[in-house]
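Below is one structure, written out as structure tokens, with a few remarks after it.
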Amino acid sequence: MSSIPTTTTSSAGFFRIPPPPHRMPAAGVRMMAGALRSSASSVGTILTNLQHESATPLPVLRHVADAMTEDMRAGLAVEGGSDLKMILSYVDALPSGNEKGLFYALDLGGTNFRVLRVQLGGKEERVIATESEQVSIPKELMSGTSEQLFDFIANGLATFAEVEGGNFRLPHGRQREIGFTFSFPVMQTSIDSGILMKWTKGFSVSGTAGRDVVACLNEAMERQALDMRVSALVNDTVGALAGARYWDDDVMVAVILGTGTNACYVERTDAIPRLHGTMSASGMTIINTEWGAFSNGIPLTVFDKDMDAASINPGEQIFEKTISGMYLGEIARRVLLKMAEEGDLFGRRFPEKLTTPFSLRTPDLCAMQQDDSDDLQAVGSILYNATQKVESNLSSRKVALEVCDAIVKRGGRLAGAGIVGILQKMDQDSKGSIYGKRTVVAMDGGLYEHYPQYRGYMQRAVEELLGSEISRNIVIEHSKDGSGIGAALLAATNSKYEH
Ligand code: BGC
């Protein structure tokens, strides 16, 4: 993307276009006291500083990848040994394709929860049928009580389970089994139990942290008189890995880049000192890294620091706050607001609405970056909405695009460096068997799926770090909805019944 000629163009031309005469300032738009504010050059300076402070040249990426590898080792060595919790998933066997029967999945990880049923037909028939439903979680429940949240979920599950017919068959006398995808940091205590360590992604439900989330769900199901059994509790990354592995034996890593972010991978049990020699029958297990908590060497700007300080979990989830969908729009909002306050980004009119935290969302950034019209019409209308009817001129639209690009570029490239950090740990331990053959990284999450620029930056960072030869062996692949089916598959693998 071309850079903006902030110094060669007169500020009057680019940053001080008055609103069209027929438009009066809209409600919520106040006029700036022009004399107190500086000129267009402030916009240029803020942009240049942003680009400089968020830059991720190869040495920075290399440092992040190496630090990720080191933090993984430290987290595996001792409990609490690093920012990365390196959680044992208790998933020691991945789906083989032989799974048969009806299984449910319940997926709670963001502003929606999903319920799903799948009829599995073994090696020959594989997935015979699936059905799913998505329910959005009312905002107030995200900061209500644990009981309220789990009652709401159990109710949705009960409604969904009521209508089961067609291709779905449960043998007589069997209890329905669920794979419960719970996408928050959970200290697993077995395959079907785990203690919530803390909420992330803006959730602040009281009474769940420190409790077994399966017990919370069971109690709510009892209150609904719903007779179902959680046979596997999994993180969404673990579900995604299981779901992708069902189709492809080379899948070794799964990454979620959505509202939040995380990665898991296949580890050898003899490479986990914390286990003190306890081996799984298969000799392997899946480790949920909880890489969102990583923080070593990430280039941060003043906007990131301010956003973190204002968040409900200051000092935590720094990698997540730099690369995931929940936060990219908010960082951009903060930059644009500062440009409006200090540098006339929107002329003399103050974009009041931009003072509201999270009013600019990552999908807005994405939509702006897809605009290839000469006058950046779409960018203009997104800014118009985001500012509650403040007009922008072509120059300020270009600046807004540069802001998006800087933030998204850093996010994508750091995500790429994280992936290389995991791969290189696995490669070092296996003496070259990761880089030396086809290895698949399964990807899921809206940010990855719907943001082409982000995805491109991520992919290129991986290639820059690995070089073209090794990159040919590393397949980064979208595994759509792996985590839903994956959780149902893990419910099948861990079923109390023979299958
Ligand atoms: C959570 C992870 C989850 C990730 C992606 C993070 O905020 O801590 O457990 O896997 O989001 O959903």
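Chain identifiers are assigned as A, B, and so on, following the order in which chains appear in the structure tokens; residues are numbered from 1 within each chain, and ligands are numbered from 1 in order of appearance.
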
Counting only C-alpha atoms and all ligand atoms, what are the residues, protein, DNA or RNA alike, that approach ligand 1 to within 9 Å? I want them as a compact mmCIF listing (two decimals) with C-alpha atoms, in the first residue's frame.
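Now in pocket-v3.txt:
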```
# COMPACT_ATOMS: atom_id res chain seq x y z
CA LEU A 108 -18.69 -22.06 23.98
CA GLY A 109 -15.96 -19.65 23.12
CA GLY A 110 -17.20 -16.19 22.30
CA PHE A 182 -14.84 -24.60 26.18
CA SER A 183 -12.47 -22.04 24.70
CA PHE A 184 -10.96 -20.40 27.75
CA PRO A 185 -7.90 -21.33 29.80
CA VAL A 186 -8.87 -24.45 31.71
CA LYS A 198 -9.63 -17.13 34.22
CA TRP A 199 -11.99 -15.72 31.66
CA THR A 200 -10.65 -14.06 28.50
CA LYS A 201 -12.19 -12.28 25.48
CA GLY A 202 -14.21 -9.82 27.54
CA ASN A 235 -10.28 -26.41 24.11
CA ASP A 236 -11.32 -25.20 20.62
CA THR A 237 -7.77 -25.62 19.32
CA VAL A 238 -7.78 -29.25 20.48
CA VAL A 255 -4.31 -22.54 15.50
CA ILE A 256 -7.39 -20.42 16.17
CA LEU A 257 -7.32 -16.83 14.97
CA GLY A 258 -10.73 -15.42 15.79
CA THR A 259 -12.09 -13.25 18.59
CA GLY A 260 -9.30 -14.76 20.68
CA THR A 261 -6.29 -16.77 19.67
CA ASN A 262 -4.54 -19.94 20.70
CA ALA A 263 -2.58 -22.92 19.39
CA CYS A 264 -2.14 -26.56 20.29
CA ASN A 288 -2.85 -26.56 24.62
CA THR A 289 -0.25 -23.78 24.68
CA GLU A 290 -2.64 -20.89 25.56
CA TRP A 291 -0.26 -18.76 23.51
CA GLY A 292 -2.52 -15.71 23.93
CA ALA A 293 -0.64 -15.08 27.18
CA GLN A 317 -3.10 -11.95 27.14
CA GLU A 320 -3.90 -12.09 22.04
CA SER A 324 -6.66 -11.34 17.61
CA GLY A 445 -11.34 -18.64 13.27
```

Practice problem: Once DSSP has gone over the backbone, tell me which residues of range 74-267 of chain A are in strand (DSSP E), as a PyMOL selection string. | Solution: chain A and resi 87-88+100-108+112-121+127-136+176-182+186-190+193-196+228-234+251-257+261-267

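Among the candidates A:Leu354, A:Ile286, A:Cys216, A:Ala158, the residue lying nearest to Val115 in chain A is A:Ala158 (atoms considered: only C-alpha atoms).
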
Practice problem: With a distance cut-off of 8 Å and only C-alpha atoms, select the neighbouring residues of Gln453 in chain A, excluding the residue or stretch itself and same-chain residues fewer than 2 positions from it, and output the selection as a PyMOL selection string. | Solution: chain A and resi 369+408-409+451+455-457

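Remark: for Val403 in chain A, the closest of the candidate residues A:Leu157, A:Met443, A:Leu337, A:Val390 is A:Leu337 (distances computed over only C-alpha atoms).
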